[in-house]
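First up is the structure itself, then whatever we jot down about it.
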Amino acid sequence: MRFVFNILMLMSCFTLFACSHVSAESVTFGNVQIKVKGNAYKLEYADSFERRAQGLMNRQTLCDTCGMLFKFDNAKVAGFWMKDTLIPLDIAFVRADGTITDIKSMQALDLKSTNSSEPVLYAWEMNKGWFTANNINVGDNVAICSVY
């Protein structure tokens, strides 16, 4: 009887692991187009809890013009860490009115939280150095053009 119980417990653990692994791998993202300083950018869109939790984790590379826009349910002081994120990133925190409040750098695999300085509705991640290279700064305005 104990043997059967142990087998059932082991099977439950494997099932739980398999389901959690599949759900993380099966997260799909929509796209959003934003505009800043007259330039349009197409980004992946993380607009649900599952998408925000997955973010850019476990990716080996990110193309030069690729990035992700995170939308929160409500404006809040947002915090991001780099658990399982293999690419160094910069993050721009954006208020509900579109104003960029902060641009901060984050190191790959760093578990330290990087926080916005005030409540924001969005966070925008790009490769490290991208915002500087594209002359996007704190105080610039981000417009959401379309979601698809």
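Within each chain, counting starts at residue 1; across the structure tokens, chains are named A, B, ... in the order shown, with ligands numbered 1 upward in that order.
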Give me, as a list of chain:residue names, all polymer residues having an atom no more than 7 Å from stretch 135-143 of chain A, counting only C-alpha atoms and skipping those fewer than 5 positions away in the same chain.
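My reading of the contact set: A:Ile34, A:Lys35, A:Val36, A:Gly98, A:Thr99, A:Ile100, A:Thr101, A:Asp102, A:Ile103.
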Could those selected residues go to a file with N, CA and C atoms, as a compact mmCIF listing (two decimals), in the first residue's frame?
# COMPACT_ATOMS: atom_id res chain seq x y z
N ILE A 34 3.59 51.39 -30.90
CA ILE A 34 3.68 52.64 -30.14
C ILE A 34 4.46 53.66 -30.97
N LYS A 35 4.29 54.93 -30.61
CA LYS A 35 5.05 56.01 -31.26
C LYS A 35 5.72 56.87 -30.20
N VAL A 36 6.97 57.21 -30.48
CA VAL A 36 7.74 58.12 -29.65
C VAL A 36 8.54 59.01 -30.59
N GLY A 98 1.35 58.60 -20.73
CA GLY A 98 2.36 58.34 -21.76
C GLY A 98 3.74 58.88 -21.45
N THR A 99 3.91 59.60 -20.36
CA THR A 99 5.20 60.20 -20.03
C THR A 99 6.16 59.15 -19.46
N ILE A 100 7.37 59.09 -20.01
CA ILE A 100 8.40 58.21 -19.47
C ILE A 100 8.94 58.83 -18.19
N THR A 101 8.84 58.07 -17.09
CA THR A 101 9.28 58.57 -15.78
C THR A 101 10.71 58.17 -15.44
N ASP A 102 11.12 57.02 -15.91
CA ASP A 102 12.44 56.48 -15.59
C ASP A 102 12.92 55.62 -16.75
N ILE A 103 14.23 55.56 -16.96
CA ILE A 103 14.86 54.57 -17.83
C ILE A 103 16.01 54.00 -17.02
Residues flagged strand (DSSP E) by DSSP in stretch 1-125 of chain A, as a PyMOL selection string
chain A and resi 30-36+39-46+67-76+79-80+89-94+100-106+114-115+120-125
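When only C-alpha atoms are used to compute distances to A:Ala123, the closest of the residues A:Lys104, A:Thr65, A:Gln60, A:Tyr41 turns out to be A:Lys104.
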Can you work out the spacing between atom CA of A:Met82 and atom CA of A:Met106 in Å, to one decimal?
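Interatomic distance, atom CA of A:Met82 to atom CA of A:Met106: 7.2 Å.
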Just list the residues in chain A DSSP gives helix (DSSP H, G or I) on the backbone, as a ChimeraX atom specification.
/A:2-25,49-54,130-133
Residue subset to file, keeping N, CA and C atoms, as an mmCIF file, in the first residue's frame:
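The result, written out as result-v4.cif:
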data_model
loop_
_atom_site.group_PDB
_atom_site.id
_atom_site.type_symbol
_atom_site.label_atom_id
_atom_site.label_comp_id
_atom_site.auth_asym_id
_atom_site.auth_seq_id
_atom_site.Cartn_x
_atom_site.Cartn_y
_atom_site.Cartn_z
ATOM 1 N N ARG A 2 1.892 1.269 0.822
ATOM 2 C CA ARG A 2 2.790 2.429 0.877
ATOM 3 C C ARG A 2 3.468 2.648 -0.467
ATOM 4 N N PHE A 3 3.810 1.556 -1.148
ATOM 5 C CA PHE A 3 4.451 1.647 -2.453
ATOM 6 C C PHE A 3 3.521 2.352 -3.459
ATOM 7 N N VAL A 4 2.259 1.963 -3.473
ATOM 8 C CA VAL A 4 1.278 2.579 -4.368
ATOM 9 C C VAL A 4 1.126 4.068 -4.039
ATOM 10 N N PHE A 5 1.051 4.397 -2.766
ATOM 11 C CA PHE A 5 0.947 5.793 -2.349
ATOM 12 C C PHE A 5 2.160 6.597 -2.864
ATOM 13 N N ASN A 6 3.358 6.067 -2.698
ATOM 14 C CA ASN A 6 4.575 6.743 -3.159
ATOM 15 C C ASN A 6 4.565 6.944 -4.667
ATOM 16 N N ILE A 7 4.123 5.942 -5.396
ATOM 17 C CA ILE A 7 4.035 6.056 -6.861
ATOM 18 C C ILE A 7 3.035 7.151 -7.243
ATOM 19 N N LEU A 8 1.889 7.173 -6.595
ATOM 20 C CA LEU A 8 0.878 8.200 -6.886
ATOM 21 C C LEU A 8 1.401 9.592 -6.566
ATOM 22 N N MET A 9 2.100 9.744 -5.457
ATOM 23 C CA MET A 9 2.681 11.043 -5.103
ATOM 24 C C MET A 9 3.711 11.465 -6.135
ATOM 25 N N LEU A 10 4.547 10.545 -6.555
ATOM 26 C CA LEU A 10 5.568 10.839 -7.561
ATOM 27 C C LEU A 10 4.916 11.257 -8.878
ATOM 28 N N MET A 11 3.867 10.548 -9.278
ATOM 29 C CA MET A 11 3.164 10.894 -10.516
ATOM 30 C C MET A 11 2.532 12.278 -10.395
ATOM 31 N N SER A 12 1.989 12.613 -9.248
ATOM 32 C CA SER A 12 1.387 13.943 -9.039
ATOM 33 C C SER A 12 2.434 15.033 -9.171
ATOM 34 N N CYS A 13 3.614 14.794 -8.609
ATOM 35 C CA CYS A 13 4.695 15.783 -8.703
ATOM 36 C C CYS A 13 5.119 15.990 -10.144
ATOM 37 N N PHE A 14 5.262 14.895 -10.898
ATOM 38 C CA PHE A 14 5.651 15.010 -12.300
ATOM 39 C C PHE A 14 4.578 15.747 -13.103
ATOM 40 N N THR A 15 3.319 15.445 -12.823
ATOM 41 C CA THR A 15 2.217 16.111 -13.522
ATOM 42 C C THR A 15 2.224 17.605 -13.221
ATOM 43 N N LEU A 16 2.394 17.965 -11.957
ATOM 44 C CA LEU A 16 2.432 19.370 -11.570
ATOM 45 C C LEU A 16 3.589 20.090 -12.258
ATOM 46 N N PHE A 17 4.778 19.462 -12.262
ATOM 47 C CA PHE A 17 5.938 20.064 -12.929
ATOM 48 C C PHE A 17 5.676 20.211 -14.419
ATOM 49 N N ALA A 18 5.147 19.162 -15.048
ATOM 50 C CA ALA A 18 4.903 19.197 -16.488
ATOM 51 C C ALA A 18 3.901 20.289 -16.841
ATOM 52 N N CYS A 19 2.838 20.417 -16.051
ATOM 53 C CA CYS A 19 1.825 21.445 -16.331
ATOM 54 C C CYS A 19 2.389 22.839 -16.155
ATOM 55 N N SER A 20 3.180 23.056 -15.114
ATOM 56 C CA SER A 20 3.742 24.393 -14.909
ATOM 57 C C SER A 20 4.754 24.709 -15.999
ATOM 58 N N HIS A 21 5.489 23.717 -16.462
ATOM 59 C CA HIS A 21 6.470 23.934 -17.525
ATOM 60 C C HIS A 21 5.763 24.249 -18.839
ATOM 61 N N VAL A 22 4.723 23.486 -19.151
ATOM 62 C CA VAL A 22 3.985 23.705 -20.391
ATOM 63 C C VAL A 22 3.354 25.085 -20.398
ATOM 64 N N SER A 23 2.750 25.512 -19.276
ATOM 65 C CA SER A 23 2.080 26.806 -19.263
ATOM 66 C C SER A 23 3.070 27.948 -19.486
ATOM 67 N N ALA A 24 4.278 27.843 -18.940
ATOM 68 C CA ALA A 24 5.277 28.896 -19.142
ATOM 69 C C ALA A 24 5.724 28.932 -20.598
ATOM 70 N N GLU A 25 5.859 27.753 -21.206
ATOM 71 C CA GLU A 25 6.311 27.686 -22.594
ATOM 72 C C GLU A 25 5.204 28.064 -23.573
ATOM 73 N N PHE A 49 -1.640 38.822 -16.546
ATOM 74 C CA PHE A 49 -0.742 38.354 -15.487
ATOM 75 C C PHE A 49 0.246 37.325 -16.025
ATOM 76 N N GLU A 50 -0.254 36.339 -16.788
ATOM 77 C CA GLU A 50 0.609 35.278 -17.322
ATOM 78 C C GLU A 50 1.667 35.835 -18.265
ATOM 79 N N ARG A 51 1.278 36.747 -19.115
ATOM 80 C CA ARG A 51 2.243 37.335 -20.062
ATOM 81 C C ARG A 51 3.267 38.189 -19.336
ATOM 82 N N ARG A 52 2.820 38.982 -18.363
ATOM 83 C CA ARG A 52 3.768 39.804 -17.594
ATOM 84 C C ARG A 52 4.733 38.924 -16.807
ATOM 85 N N ALA A 53 4.241 37.828 -16.250
ATOM 86 C CA ALA A 53 5.100 36.923 -15.471
ATOM 87 C C ALA A 53 6.151 36.268 -16.357
ATOM 88 N N GLN A 54 5.806 35.932 -17.582
ATOM 89 C CA GLN A 54 6.753 35.290 -18.508
ATOM 90 C C GLN A 54 7.733 36.307 -19.087
ATOM 91 N N TRP A 130 19.522 50.567 -25.886
ATOM 92 C CA TRP A 130 18.646 50.910 -27.003
ATOM 93 C C TRP A 130 18.038 52.298 -26.834
ATOM 94 N N PHE A 131 17.555 52.642 -25.663
ATOM 95 C CA PHE A 131 16.915 53.948 -25.466
ATOM 96 C C PHE A 131 17.909 55.079 -25.728
ATOM 97 N N THR A 132 19.122 54.954 -25.221
ATOM 98 C CA THR A 132 20.155 55.971 -25.460
ATOM 99 C C THR A 132 20.475 56.068 -26.947
ATOM 100 N N ALA A 133 20.652 54.921 -27.601
ATOM 101 C CA ALA A 133 20.988 54.898 -29.029
ATOM 102 C C ALA A 133 19.894 55.517 -29.886
#
Name the closest residue to A:Asn134 among the candidates A:Ala40, A:Val147, A:Met57, A:Val120; distances are taken between atoms, counting only C-alpha atoms.
A:Ala40
Hey, what's within 10 Å of stretch 110-119 of chain A if we count only C-alpha atoms and toss same-chain stuff fewer than 4 positions away? As a ChimeraX atom specification, please?
/A:74-86,88,91-96,101-106,123
Could you take the residues named above and write them with N, CA, C and O atoms, as a compact mmCIF listing (two decimals), in the first residue's frame?
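Result file follows (part-v5.txt):
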# COMPACT_ATOMS: atom_id res chain seq x y z
N ASN A 74 -3.71 48.41 -13.27
CA ASN A 74 -3.87 49.76 -12.69
C ASN A 74 -2.49 50.37 -12.53
O ASN A 74 -1.50 49.65 -12.41
N ALA A 75 -2.44 51.69 -12.50
CA ALA A 75 -1.16 52.36 -12.26
C ALA A 75 -0.63 51.97 -10.89
O ALA A 75 -1.40 51.87 -9.93
N LYS A 76 0.67 51.69 -10.82
CA LYS A 76 1.30 51.28 -9.56
C LYS A 76 2.80 51.52 -9.64
O LYS A 76 3.34 51.72 -10.73
N VAL A 77 3.45 51.53 -8.48
CA VAL A 77 4.91 51.53 -8.48
C VAL A 77 5.29 50.12 -8.88
O VAL A 77 4.97 49.15 -8.19
N ALA A 78 5.91 49.98 -10.04
CA ALA A 78 6.21 48.68 -10.62
C ALA A 78 7.63 48.26 -10.31
O ALA A 78 8.53 49.10 -10.25
N GLY A 79 7.81 46.97 -10.11
CA GLY A 79 9.13 46.42 -9.87
C GLY A 79 9.39 45.24 -10.80
O GLY A 79 8.50 44.42 -11.02
N PHE A 80 10.60 45.18 -11.35
CA PHE A 80 10.98 44.10 -12.25
C PHE A 80 12.28 43.48 -11.77
O PHE A 80 13.17 44.17 -11.28
N TRP A 81 12.41 42.17 -11.94
CA TRP A 81 13.67 41.49 -11.70
C TRP A 81 14.01 40.72 -12.95
O TRP A 81 13.20 40.61 -13.87
N MET A 82 15.19 40.14 -12.99
CA MET A 82 15.69 39.49 -14.20
C MET A 82 15.83 37.97 -14.02
O MET A 82 16.66 37.35 -14.68
N LYS A 83 15.01 37.39 -13.16
CA LYS A 83 15.05 35.94 -12.97
C LYS A 83 14.85 35.24 -14.31
O LYS A 83 13.90 35.55 -15.04
N ASP A 84 15.75 34.36 -14.64
CA ASP A 84 15.70 33.57 -15.88
C ASP A 84 15.72 34.43 -17.14
O ASP A 84 15.35 33.96 -18.22
N THR A 85 16.11 35.68 -17.03
CA THR A 85 16.23 36.56 -18.19
C THR A 85 17.71 36.62 -18.56
O THR A 85 18.53 37.09 -17.77
N LEU A 86 18.03 36.15 -19.74
CA LEU A 86 19.42 35.92 -20.14
C LEU A 86 20.04 37.09 -20.88
O LEU A 86 21.23 37.05 -21.21
N PRO A 88 20.79 41.30 -21.09
CA PRO A 88 20.74 42.58 -20.37
C PRO A 88 19.74 43.52 -21.05
O PRO A 88 19.71 43.62 -22.28
N ILE A 91 14.88 49.32 -19.18
CA ILE A 91 13.44 49.41 -18.99
C ILE A 91 13.03 50.87 -18.83
O ILE A 91 13.68 51.62 -18.11
N ALA A 92 12.00 51.26 -19.57
CA ALA A 92 11.40 52.59 -19.44
C ALA A 92 10.06 52.41 -18.75
O ALA A 92 9.23 51.61 -19.19
N PHE A 93 9.87 53.13 -17.66
CA PHE A 93 8.58 53.12 -16.97
C PHE A 93 7.76 54.28 -17.49
O PHE A 93 8.27 55.40 -17.66
N VAL A 94 6.46 54.03 -17.76
CA VAL A 94 5.61 54.99 -18.45
C VAL A 94 4.31 55.20 -17.69
O VAL A 94 3.59 54.24 -17.40
N ARG A 95 4.00 56.47 -17.37
CA ARG A 95 2.74 56.81 -16.70
C ARG A 95 1.55 56.58 -17.64
O ARG A 95 1.70 56.45 -18.85
N ALA A 96 0.36 56.61 -17.08
CA ALA A 96 -0.87 56.44 -17.85
C ALA A 96 -1.01 57.51 -18.93
O ALA A 96 -1.58 57.25 -20.00
N THR A 101 8.84 58.07 -17.09
CA THR A 101 9.28 58.57 -15.78
C THR A 101 10.71 58.17 -15.44
O THR A 101 11.39 58.88 -14.72
N ASP A 102 11.12 57.02 -15.91
CA ASP A 102 12.44 56.48 -15.59
C ASP A 102 12.92 55.62 -16.75
O ASP A 102 12.10 54.97 -17.41
N ILE A 103 14.23 55.56 -16.96
CA ILE A 103 14.86 54.57 -17.83
C ILE A 103 16.01 54.00 -17.02
O ILE A 103 16.89 54.73 -16.58
N LYS A 104 15.96 52.69 -16.81
CA LYS A 104 16.95 52.03 -15.96
C LYS A 104 17.53 50.80 -16.66
O LYS A 104 16.83 50.16 -17.45
N SER A 105 18.75 50.47 -16.31
CA SER A 105 19.42 49.29 -16.85
C SER A 105 19.26 48.12 -15.90
O SER A 105 19.27 48.30 -14.68
N MET A 106 19.14 46.93 -16.49
CA MET A 106 19.02 45.70 -15.69
C MET A 106 19.99 44.67 -16.26
O MET A 106 20.09 44.52 -17.48
N ALA A 123 5.45 49.42 -18.67
CA ALA A 123 6.90 49.28 -18.63
C ALA A 123 7.31 48.77 -20.00
O ALA A 123 6.65 47.90 -20.58
Residues within 9 Å of A:Gly67, please, as an MDAnalysis selection string. Count only C-alpha atoms; anything in the same chain fewer than 3 positions from it doesn't count.
chainID A and resid 41:45 56 62:64 124:127
Of the candidates A:Leu89, A:Leu109, A:Arg59, A:Cys145, which one gets nearest to A:Gly129 if we count only C-alpha atoms?
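Residue with the minimum atom-to-atom distance to A:Gly129: A:Leu89.
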How far is it from atom CA of A:Ser146 to atom CA of A:Gly30, in Å with one decimal?
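Taking atom CA of A:Ser146 and atom CA of A:Gly30, their separation equals 10.9 Å.
Across the model, the gap from atom CA of A:Ile87 to atom CA of A:Phe29 is 18.4 Å.
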